[in-house]
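The file start.csv comes next; it holds CSV, N, CA and C atoms.
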```csv
chain,number,residue,atom,x,y,z
A,1172,MET,N,19.5,-35.9,-35.3
A,1172,MET,CA,18.1,-36.4,-35.4
A,1172,MET,C,18.2,-38.0,-35.5
A,1173,ALA,N,17.4,-38.7,-34.8
A,1173,ALA,CA,17.4,-40.1,-34.7
A,1173,ALA,C,16.3,-40.7,-35.5
A,1174,SER,N,15.6,-40.0,-36.4
A,1174,SER,CA,14.5,-40.5,-37.2
A,1174,SER,C,15.1,-41.3,-38.4
A,1175,GLY,N,14.4,-42.3,-38.9
A,1175,GLY,CA,14.8,-42.9,-40.1
A,1175,GLY,C,14.0,-44.1,-40.4
A,1176,ILE,N,14.2,-44.6,-41.6
A,1176,ILE,CA,13.5,-45.8,-42.1
A,1176,ILE,C,14.5,-47.0,-42.1
A,1177,TYR,N,14.0,-48.1,-41.5
A,1177,TYR,CA,14.9,-49.3,-41.3
A,1177,TYR,C,15.1,-50.0,-42.7
A,1178,ASN,N,16.4,-50.5,-42.9
A,1178,ASN,CA,16.8,-51.2,-44.1
A,1178,ASN,C,15.9,-52.4,-44.4
A,1179,ARG,N,15.6,-53.2,-43.4
A,1179,ARG,CA,14.8,-54.4,-43.7
A,1179,ARG,C,13.4,-54.1,-44.3
A,1180,PHE,N,12.8,-53.0,-43.8
A,1180,PHE,CA,11.5,-52.5,-44.3
A,1180,PHE,C,11.6,-52.2,-45.8
A,1181,LYS,N,12.7,-51.4,-46.1
A,1181,LYS,CA,12.9,-51.0,-47.5
A,1181,LYS,C,13.0,-52.2,-48.4
A,1182,ALA,N,13.8,-53.2,-48.0
A,1182,ALA,CA,14.0,-54.4,-48.8
A,1182,ALA,C,12.7,-55.2,-48.8
A,1183,ASN,N,12.0,-55.3,-47.7
A,1183,ASN,CA,10.7,-56.0,-47.7
A,1183,ASN,C,9.7,-55.4,-48.6
A,1184,LEU,N,9.7,-54.1,-48.8
A,1184,LEU,CA,8.8,-53.5,-49.8
A,1184,LEU,C,9.0,-54.0,-51.2
A,1185,MET,N,10.3,-54.2,-51.5
A,1185,MET,CA,10.7,-54.7,-52.8
A,1185,MET,C,10.2,-56.2,-53.0
A,1186,ARG,N,10.1,-56.9,-51.8
A,1186,ARG,CA,9.7,-58.3,-51.8
A,1186,ARG,C,8.2,-58.5,-51.7
A,1187,LYS,N,7.5,-57.4,-51.6
A,1187,LYS,CA,6.0,-57.4,-51.5
A,1187,LYS,C,5.6,-58.0,-50.2
A,1188,LEU,N,6.3,-57.8,-49.1
A,1188,LEU,CA,6.0,-58.4,-47.8
A,1188,LEU,C,5.1,-57.5,-46.9
A,1189,HIS,N,4.9,-56.3,-47.3
A,1189,HIS,CA,4.2,-55.3,-46.4
A,1189,HIS,C,2.9,-54.8,-47.1
A,1190,ASP,N,1.8,-54.8,-46.4
A,1190,ASP,CA,0.6,-54.2,-46.9
A,1190,ASP,C,0.3,-53.1,-45.8
A,1191,MET,N,0.7,-51.9,-46.1
A,1191,MET,CA,0.6,-50.8,-45.1
A,1191,MET,C,-0.8,-50.4,-44.8
A,1192,VAL,N,-1.8,-50.9,-45.6
A,1192,VAL,CA,-3.2,-50.5,-45.3
A,1192,VAL,C,-3.8,-51.7,-44.5
A,1193,ASN,N,-3.6,-52.9,-44.9
A,1193,ASN,CA,-4.3,-54.1,-44.3
A,1193,ASN,C,-3.6,-54.8,-43.2
A,1194,ASP,N,-2.2,-54.7,-43.2
A,1194,ASP,CA,-1.5,-55.4,-42.1
A,1194,ASP,C,-1.7,-54.6,-40.8
A,1195,THR,N,-1.4,-55.2,-39.7
A,1195,THR,CA,-1.5,-54.5,-38.4
A,1195,THR,C,-0.2,-53.8,-38.2
A,1196,ILE,N,-0.3,-52.4,-38.4
A,1196,ILE,CA,0.9,-51.6,-38.2
A,1196,ILE,C,0.7,-51.0,-36.8
A,1197,LYS,N,1.8,-51.1,-36.0
A,1197,LYS,CA,1.7,-50.6,-34.6
A,1197,LYS,C,2.8,-49.5,-34.3
A,1198,VAL,N,2.5,-48.7,-33.3
A,1198,VAL,CA,3.5,-47.7,-32.9
A,1198,VAL,C,3.8,-48.0,-31.4
A,1199,ALA,N,5.1,-48.1,-31.1
A,1199,ALA,CA,5.6,-48.3,-29.7
A,1199,ALA,C,6.4,-47.1,-29.3
A,1200,LEU,N,6.4,-46.8,-28.0
A,1200,LEU,CA,7.1,-45.6,-27.5
A,1200,LEU,C,8.4,-46.1,-26.8
A,1201,TYR,N,9.4,-45.2,-26.9
A,1201,TYR,CA,10.7,-45.6,-26.3
A,1201,TYR,C,11.3,-44.4,-25.6
A,1202,GLY,N,12.2,-44.8,-24.6
A,1202,GLY,CA,12.9,-43.8,-23.8
A,1202,GLY,C,14.2,-43.3,-24.4
A,1203,ALA,N,14.9,-42.5,-23.6
A,1203,ALA,CA,16.1,-41.8,-24.0
A,1203,ALA,C,17.2,-42.7,-24.5
A,1204,SER,N,17.3,-43.9,-24.0
A,1204,SER,CA,18.4,-44.8,-24.3
A,1204,SER,C,18.2,-45.5,-25.7
A,1205,ALA,N,17.0,-45.3,-26.3
A,1205,ALA,CA,16.8,-45.9,-27.6
A,1205,ALA,C,17.6,-45.1,-28.6
A,1206,ALA,N,18.0,-45.8,-29.7
A,1206,ALA,CA,18.8,-45.2,-30.8
A,1206,ALA,C,18.4,-45.8,-32.1
A,1207,PHE,N,18.3,-45.0,-33.1
A,1207,PHE,CA,18.0,-45.5,-34.5
A,1207,PHE,C,19.3,-46.2,-35.0
A,1208,THR,N,19.1,-47.4,-35.4
A,1208,THR,CA,20.2,-48.2,-36.1
A,1208,THR,C,19.5,-48.8,-37.3
A,1209,ALA,N,19.8,-48.4,-38.5
A,1209,ALA,CA,19.2,-48.8,-39.7
A,1209,ALA,C,19.1,-50.3,-39.9
A,1210,THR,N,20.1,-51.0,-39.4
A,1210,THR,CA,20.2,-52.4,-39.6
A,1210,THR,C,19.3,-53.2,-38.6
A,1211,ASP,N,18.7,-52.6,-37.6
A,1211,ASP,CA,17.8,-53.3,-36.7
A,1211,ASP,C,16.6,-53.8,-37.5
A,1212,THR,N,16.1,-55.0,-37.1
A,1212,THR,CA,15.1,-55.6,-38.0
A,1212,THR,C,13.7,-55.9,-37.3
A,1213,ALA,N,13.6,-56.1,-36.0
A,1213,ALA,CA,12.4,-56.5,-35.4
A,1213,ALA,C,12.1,-55.7,-34.1
A,1214,TYR,N,10.8,-55.5,-33.9
A,1214,TYR,CA,10.3,-54.9,-32.6
A,1214,TYR,C,11.0,-55.6,-31.4
A,1215,THR,N,11.3,-54.7,-30.4
A,1215,THR,CA,11.9,-55.3,-29.2
A,1215,THR,C,11.4,-54.4,-28.0
A,1216,THR,N,11.3,-55.0,-26.9
A,1216,THR,CA,10.9,-54.2,-25.7
A,1216,THR,C,12.0,-53.5,-25.0
A,1217,THR,N,13.3,-53.8,-25.5
A,1217,THR,CA,14.4,-53.1,-25.0
A,1217,THR,C,14.3,-51.6,-25.1
A,1218,ASN,N,14.4,-50.8,-24.1
A,1218,ASN,CA,14.2,-49.4,-24.0
A,1218,ASN,C,12.8,-48.9,-24.2
A,1219,GLU,N,11.8,-49.8,-24.4
A,1219,GLU,CA,10.4,-49.4,-24.5
A,1219,GLU,C,10.0,-48.8,-23.1
A,1220,ILE,N,9.2,-47.8,-23.2
A,1220,ILE,CA,8.8,-47.1,-21.9
A,1220,ILE,C,7.8,-48.0,-21.2
A,1221,GLY,N,7.6,-47.6,-19.9
A,1221,GLY,CA,6.5,-48.2,-19.1
A,1221,GLY,C,5.7,-47.0,-18.6
A,1222,GLY,N,4.7,-47.3,-17.8
A,1222,GLY,CA,3.9,-46.2,-17.2
A,1222,GLY,C,2.4,-46.4,-17.3
A,1223,THR,N,1.7,-45.6,-16.6
A,1223,THR,CA,0.3,-45.8,-16.6
A,1223,THR,C,-0.3,-45.4,-17.9
A,1224,GLY,N,-1.2,-46.3,-18.4
A,1224,GLY,CA,-1.9,-46.0,-19.7
A,1224,GLY,C,-1.1,-46.5,-20.9
A,1225,TYR,N,0.0,-47.1,-20.7
A,1225,TYR,CA,0.8,-47.6,-21.8
A,1225,TYR,C,1.1,-49.1,-21.6
A,1226,SER,N,1.0,-49.9,-22.6
A,1226,SER,CA,1.3,-51.3,-22.5
A,1226,SER,C,2.4,-51.7,-23.6
A,1227,ALA,N,3.3,-52.6,-23.2
A,1227,ALA,CA,4.3,-53.0,-24.1
A,1227,ALA,C,3.7,-53.4,-25.5
A,1228,GLY,N,4.4,-53.0,-26.5
A,1228,GLY,CA,3.8,-53.3,-27.9
A,1228,GLY,C,3.2,-52.1,-28.5
A,1229,GLY,N,2.8,-51.2,-27.7
A,1229,GLY,CA,2.2,-50.0,-28.2
A,1229,GLY,C,0.7,-50.1,-28.7
A,1230,ALA,N,0.4,-49.3,-29.7
A,1230,ALA,CA,-1.0,-49.3,-30.1
A,1230,ALA,C,-1.0,-49.5,-31.7
A,1231,ALA,N,-2.1,-50.1,-32.1
A,1231,ALA,CA,-2.3,-50.3,-33.6
A,1231,ALA,C,-2.7,-49.0,-34.2
A,1232,LEU,N,-2.2,-48.7,-35.4
A,1232,LEU,CA,-2.6,-47.5,-36.2
A,1232,LEU,C,-4.0,-47.8,-36.7
A,1233,SER,N,-4.7,-46.7,-37.0
A,1233,SER,CA,-6.0,-46.8,-37.7
A,1233,SER,C,-6.0,-45.8,-38.8
A,1234,GLY,N,-7.0,-46.0,-39.7
A,1234,GLY,CA,-7.2,-45.1,-40.8
A,1234,GLY,C,-6.0,-45.0,-41.7
A,1235,ASN,N,-5.3,-46.2,-41.8
A,1235,ASN,CA,-4.1,-46.3,-42.7
A,1235,ASN,C,-4.5,-46.0,-44.2
A,1236,GLY,N,-3.7,-45.3,-44.9
A,1236,GLY,CA,-3.9,-45.0,-46.3
A,1236,GLY,C,-2.7,-44.8,-47.1
A,1237,ILE,N,-2.8,-45.0,-48.4
A,1237,ILE,CA,-1.7,-44.8,-49.3
A,1237,ILE,C,-2.1,-43.8,-50.4
A,1238,THR,N,-1.4,-42.8,-50.7
A,1238,THR,CA,-1.6,-41.9,-51.8
A,1238,THR,C,-0.6,-42.2,-52.9
A,1239,GLU,N,-1.1,-42.6,-54.1
A,1239,GLU,CA,-0.2,-42.9,-55.2
A,1239,GLU,C,-0.1,-41.7,-56.1
A,1240,ALA,N,1.1,-41.2,-56.2
A,1240,ALA,CA,1.4,-40.0,-57.1
A,1240,ALA,C,2.9,-40.0,-57.3
A,1241,ALA,N,3.5,-38.9,-57.8
A,1241,ALA,CA,4.9,-38.8,-58.0
A,1241,ALA,C,5.6,-39.1,-56.7
A,1242,THR,N,5.0,-38.7,-55.6
A,1242,THR,CA,5.5,-39.0,-54.2
A,1242,THR,C,4.4,-39.9,-53.6
A,1243,ALA,N,4.8,-41.2,-53.3
A,1243,ALA,CA,3.8,-42.1,-52.6
A,1243,ALA,C,3.9,-41.7,-51.1
A,1244,VAL,N,2.7,-41.6,-50.5
A,1244,VAL,CA,2.6,-41.2,-49.1
A,1244,VAL,C,1.8,-42.2,-48.3
A,1245,PHE,N,2.3,-42.5,-47.1
A,1245,PHE,CA,1.6,-43.4,-46.1
A,1245,PHE,C,1.1,-42.5,-45.0
A,1246,THR,N,-0.2,-42.6,-44.8
A,1246,THR,CA,-0.8,-41.8,-43.7
A,1246,THR,C,-1.6,-42.7,-42.8
A,1247,ALA,N,-1.9,-42.2,-41.6
A,1247,ALA,CA,-2.7,-42.9,-40.6
A,1247,ALA,C,-3.3,-41.8,-39.7
A,1248,SER,N,-4.3,-42.2,-39.0
A,1248,SER,CA,-4.9,-41.3,-38.0
A,1248,SER,C,-3.9,-41.1,-36.8
A,1249,ASN,N,-4.0,-40.0,-36.1
A,1249,ASN,CA,-3.2,-39.8,-34.9
A,1249,ASN,C,-3.4,-40.9,-33.9
A,1250,THR,N,-2.4,-41.2,-33.1
A,1250,THR,CA,-2.5,-42.3,-32.1
A,1250,THR,C,-2.5,-41.7,-30.7
A,1251,SER,N,-3.4,-42.2,-29.9
A,1251,SER,CA,-3.5,-41.6,-28.5
A,1251,SER,C,-3.5,-42.7,-27.5
A,1252,TRP,N,-3.1,-42.3,-26.3
A,1252,TRP,CA,-3.1,-43.2,-25.1
A,1252,TRP,C,-3.8,-42.3,-24.0
A,1253,ALA,N,-5.0,-42.8,-23.6
A,1253,ALA,CA,-5.8,-42.0,-22.6
A,1253,ALA,C,-5.3,-42.4,-21.1
A,1254,GLY,N,-5.6,-41.5,-20.2
A,1254,GLY,CA,-5.2,-41.9,-18.8
A,1254,GLY,C,-3.8,-42.1,-18.6
A,1255,ALA,N,-2.9,-41.4,-19.3
A,1255,ALA,CA,-1.5,-41.7,-19.4
A,1255,ALA,C,-0.7,-40.9,-18.4
A,1256,THR,N,0.3,-41.5,-17.9
A,1256,THR,CA,1.4,-40.9,-17.1
A,1256,THR,C,2.7,-41.6,-17.5
A,1257,PHE,N,3.5,-40.9,-18.4
A,1257,PHE,CA,4.7,-41.5,-18.8
A,1257,PHE,C,5.5,-40.4,-19.6
A,1258,SER,N,6.8,-40.7,-19.9
A,1258,SER,CA,7.6,-39.9,-20.7
A,1258,SER,C,8.2,-40.7,-21.9
A,1259,ALA,N,8.2,-40.1,-23.1
A,1259,ALA,CA,8.7,-40.8,-24.2
A,1259,ALA,C,9.6,-39.9,-25.1
A,1260,TYR,N,10.6,-40.4,-25.7
A,1260,TYR,CA,11.5,-39.7,-26.6
A,1260,TYR,C,11.3,-40.0,-28.1
A,1261,PHE,N,10.9,-41.3,-28.3
A,1261,PHE,CA,10.8,-41.8,-29.7
A,1261,PHE,C,9.6,-42.6,-29.9
A,1262,ALA,N,9.1,-42.7,-31.1
A,1262,ALA,CA,8.1,-43.6,-31.5
A,1262,ALA,C,8.7,-44.5,-32.6
A,1263,VAL,N,8.3,-45.8,-32.6
A,1263,VAL,CA,8.8,-46.8,-33.6
A,1263,VAL,C,7.6,-47.4,-34.2
A,1264,LEU,N,7.4,-47.3,-35.5
A,1264,LEU,CA,6.4,-48.1,-36.2
A,1264,LEU,C,6.9,-49.4,-36.7
A,1265,TYR,N,6.1,-50.4,-36.5
A,1265,TYR,CA,6.5,-51.8,-36.9
A,1265,TYR,C,5.2,-52.5,-37.5
A,1266,ASP,N,5.5,-53.4,-38.4
A,1266,ASP,CA,4.4,-54.2,-39.0
A,1266,ASP,C,4.3,-55.6,-38.2
A,1267,GLN,N,3.3,-55.7,-37.4
A,1267,GLN,CA,3.1,-56.9,-36.6
A,1267,GLN,C,2.8,-58.1,-37.5
A,1268,THR,N,2.2,-57.9,-38.6
A,1268,THR,CA,1.8,-59.0,-39.4
A,1268,THR,C,2.9,-59.9,-39.9
A,1269,PRO,N,4.0,-59.4,-40.6
A,1269,PRO,CA,5.1,-60.3,-40.9
A,1269,PRO,C,6.2,-60.2,-39.9
A,1270,CYS,N,6.1,-60.8,-38.8
A,1270,CYS,CA,7.2,-61.0,-37.9
A,1270,CYS,C,7.7,-59.7,-37.2
A,1271,ASN,N,6.8,-58.8,-36.9
A,1271,ASN,CA,7.2,-57.5,-36.1
A,1271,ASN,C,8.3,-56.7,-36.8
A,1272,THR,N,8.3,-56.6,-38.1
A,1272,THR,CA,9.3,-56.0,-38.8
A,1272,THR,C,9.3,-54.4,-38.6
A,1273,LEU,N,10.4,-53.9,-38.2
A,1273,LEU,CA,10.5,-52.5,-38.0
A,1273,LEU,C,10.3,-51.7,-39.3
A,1274,ILE,N,9.6,-50.6,-39.2
A,1274,ILE,CA,9.4,-49.7,-40.3
A,1274,ILE,C,10.2,-48.4,-40.2
A,1275,CYS,N,9.9,-47.6,-39.2
A,1275,CYS,CA,10.7,-46.4,-39.0
A,1275,CYS,C,10.7,-46.0,-37.5
A,1276,MET,N,11.6,-45.1,-37.2
A,1276,MET,CA,11.7,-44.4,-35.9
A,1276,MET,C,11.4,-43.0,-36.1
A,1277,ILE,N,10.6,-42.4,-35.2
A,1277,ILE,CA,10.4,-41.0,-35.2
A,1277,ILE,C,10.9,-40.4,-33.9
A,1278,ASP,N,11.8,-39.4,-34.1
A,1278,ASP,CA,12.4,-38.7,-32.9
A,1278,ASP,C,11.5,-37.5,-32.5
A,1279,PHE,N,11.1,-37.5,-31.3
A,1279,PHE,CA,10.2,-36.4,-30.8
A,1279,PHE,C,11.0,-35.1,-30.6
A,1280,GLY,N,12.3,-35.2,-30.7
A,1280,GLY,CA,13.2,-34.0,-30.5
A,1280,GLY,C,13.4,-33.6,-29.1
A,1281,GLY,N,13.1,-34.5,-28.2
A,1281,GLY,CA,13.3,-34.3,-26.7
A,1281,GLY,C,12.2,-35.1,-26.0
A,1282,VAL,N,12.3,-35.0,-24.7
A,1282,VAL,CA,11.3,-35.8,-23.9
A,1282,VAL,C,9.9,-35.2,-24.0
A,1283,GLN,N,8.9,-36.0,-24.2
A,1283,GLN,CA,7.5,-35.7,-24.2
A,1283,GLN,C,6.9,-36.3,-22.9
A,1284,THR,N,6.4,-35.5,-22.0
A,1284,THR,CA,5.8,-36.1,-20.8
A,1284,THR,C,4.4,-35.8,-20.6
A,1285,ILE,N,3.6,-36.7,-20.2
A,1285,ILE,CA,2.2,-36.6,-19.9
A,1285,ILE,C,1.9,-37.1,-18.5
A,1286,THR,N,1.1,-36.3,-17.7
A,1286,THR,CA,0.7,-36.7,-16.4
A,1286,THR,C,-0.8,-36.7,-16.3
A,1287,SER,N,-1.4,-37.9,-16.1
A,1287,SER,CA,-2.8,-38.1,-16.0
A,1287,SER,C,-3.6,-37.4,-17.1
A,1288,GLY,N,-3.2,-37.7,-18.3
A,1288,GLY,CA,-3.9,-37.1,-19.5
A,1288,GLY,C,-3.9,-38.0,-20.7
A,1289,THR,N,-4.1,-37.4,-21.8
A,1289,THR,CA,-4.1,-38.1,-23.1
A,1289,THR,C,-2.8,-37.7,-23.9
A,1290,PHE,N,-2.0,-38.7,-24.2
A,1290,PHE,CA,-0.8,-38.6,-24.9
A,1290,PHE,C,-1.1,-38.9,-26.4
A,1291,THR,N,-0.9,-37.9,-27.3
A,1291,THR,CA,-1.3,-38.1,-28.7
A,1291,THR,C,-0.1,-37.8,-29.6
A,1292,ILE,N,0.1,-38.7,-30.5
A,1292,ILE,CA,1.1,-38.5,-31.6
A,1292,ILE,C,0.3,-37.9,-32.8
A,1293,GLN,N,0.6,-36.7,-33.1
A,1293,GLN,CA,0.0,-36.0,-34.3
A,1293,GLN,C,1.0,-36.2,-35.5
A,1294,TYR,N,0.6,-37.1,-36.4
A,1294,TYR,CA,1.4,-37.3,-37.5
A,1294,TYR,C,1.4,-36.1,-38.5
A,1295,ALA,N,2.5,-35.9,-39.2
A,1295,ALA,CA,2.5,-34.8,-40.1
A,1295,ALA,C,1.4,-34.9,-41.2
A,1296,SER,N,0.8,-33.7,-41.5
A,1296,SER,CA,-0.3,-33.7,-42.5
A,1296,SER,C,0.2,-34.1,-43.8
A,1297,SER,N,1.5,-34.0,-44.1
A,1297,SER,CA,2.2,-34.4,-45.3
A,1297,SER,C,2.4,-35.9,-45.4
A,1298,GLY,N,2.1,-36.6,-44.3
A,1298,GLY,CA,2.3,-38.1,-44.3
A,1298,GLY,C,3.4,-38.5,-43.3
A,1299,ILE,N,3.3,-39.8,-42.9
A,1299,ILE,CA,4.2,-40.4,-42.0
A,1299,ILE,C,5.5,-40.8,-42.8
A,1300,ILE,N,5.3,-41.4,-43.9
A,1300,ILE,CA,6.4,-41.8,-44.8
A,1300,ILE,C,6.1,-41.3,-46.2
A,1301,ARG,N,7.1,-40.7,-46.8
A,1301,ARG,CA,7.0,-40.2,-48.2
A,1301,ARG,C,8.1,-40.8,-49.0
A,1302,LEU,N,7.7,-41.4,-50.1
A,1302,LEU,CA,8.7,-42.1,-51.0
A,1302,LEU,C,8.6,-41.3,-52.4
A,1303,THR,N,9.8,-40.8,-52.8
A,1303,THR,CA,9.8,-40.1,-54.1
A,1303,THR,C,10.6,-40.8,-55.1
```
Could you write out this file's structure as structure tokens?
Amino acid sequence: MASGIYNRFKANLMRKLHDMVNDTIKVALYGASAAFTATDTAYTTTNEIGGTGYSAGGAALSGNGITEAATAVFTASNTSWAGATFSAYFAVLYDQTPCNTLICMIDFGGVQTITSGTFTIQYASSGIIRLT
């Protein structure tokens, strides 16, 4: 599995550099050649997909929220691209506000292909990121 949280993001949380509710958090889509490397630090277009209905940089998340409890949870509304024709293997969340800092990579578990339709990432109901 290639999912994971990037080291820089974890350190930046300790430095109070991310506001997951008010910063512009974006999700970009990547192809098969992308790989999770925990030491990567910033959004890049390398291995980002192309195709109809998708633009480099991805889409901004909406409905961002934080639940404070024994397990802190970051949630957001599902993200969609309408009129889409492309294939993607991974999603990468990044915080555009402080220097495009990488947050996490989500492995789709294989290629996800859409042809002339709406591509939607349905985030887990238990949250996108859970910190215990």
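Checking A:Thr1210, A:Ser1297, A:Gly1288, A:Thr1223 one by one against Ile1176 in chain A, counting all atoms listed in the file, you find the shortest gap at A:Thr1210.
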Sorted by chain and rising residue number, list the residues of range 1172-1221 of chain A at most 6 Å from range 1240-1260 of chain A (counting all atoms listed in the file), each with its closest atom pair and distance in Å to one decimal, as JSON lines.
```
{"residue": "A:Leu1200", "atom": "C", "partner": "A:Ala1259", "partner_atom": "CA", "distance": 5.9}
{"residue": "A:Tyr1201", "atom": "C", "partner": "A:Tyr1260", "partner_atom": "N", "distance": 4.1}
{"residue": "A:Gly1202", "atom": "CA", "partner": "A:Tyr1260", "partner_atom": "N", "distance": 4.5}
{"residue": "A:Ala1203", "atom": "N", "partner": "A:Tyr1260", "partner_atom": "N", "distance": 5.2}
{"residue": "A:Gly1221", "atom": "C", "partner": "A:Phe1257", "partner_atom": "CA", "distance": 5.6}
```
Put the listed atoms of range 1243-1256 of chain A in a box along x, y and z with 5 Å added on every side and give me the centre and edge lengths in Å to one decimal, as lines of an AutoDock Vina configuration file.
```
center_x = -0.5
center_y = -41.6
center_z = -35.2
size_x = 20.6
size_y = 13.6
size_z = 46.2
```
(request) Give me every strand (DSSP E) residue in chain A, going by DSSP on the backbone, as a VMD selection string. (result) chain A and resid 1175 to 1176 1196 to 1201 1230 to 1231 1236 to 1238 1243 to 1246 1250 to 1266 1272 to 1292 1300 to 1302
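When only N, CA and C atoms are used to measure the gap to Asn1178 in chain A, the shortest distance among A:Ala1227, A:Leu1273, A:Ile1299, A:Met1191 belongs to A:Leu1273.
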(request) Find the residues near Thr1272 in chain A: any atom within 12 Å, counting only C-alpha atoms, skip ones fewer than 5 places away on the same chain, and give them as a list in words. (result) Ile1176, Tyr1177, Asn1178, Arg1179, Phe1180, Lys1181, Ala1182, Asn1183, Leu1184, Leu1188, His1189, Met1191, Asp1194, Thr1195, Ile1196, Lys1197, Val1198, Thr1210, Asp1211, Thr1212, Ala1213, Tyr1214, Thr1215, Val1263, Leu1264, Tyr1265, Asp1266 and Gln1267 of chain A
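Considering the residues A:Ala1205, A:Gly1236, A:Gly1175, A:Gly1229 and counting all atoms listed in the file, Val1192 in chain A has its shortest atom-to-atom contact with A:Gly1236.
Computed from the coordinates, the atom C of Cys1275 in chain A to atom C of Ala1209 in chain A distance equals 9.7 Å.
DSSP annotation of range 1177-1247 of chain A from backbone atoms: helix (DSSP H, G or I) residues are Asn1178, Arg1179, Phe1180, Lys1181, Ala1182, Asn1183, Leu1184 and Met1185 of chain A.
Taking atom C of Gly1281 in chain A and atom C of Ser1204 in chain A as the two end points, the separation is 12.0 Å.
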(request) Could you check which of A:Cys1270, A:Ala1173, A:Gly1234, A:Phe1261 is closest to Thr1284 in chain A, using only C-alpha atoms? (result) A:Phe1261
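Considering the residues A:Asn1271, A:Thr1286, A:Thr1208, A:Asn1193 and counting only C-alpha atoms, Asn1235 in chain A has its shortest atom-to-atom contact with A:Asn1193.
Between CA of Phe1279 in chain A and CA of Ala1262 in chain A the separation is 7.5 Å.
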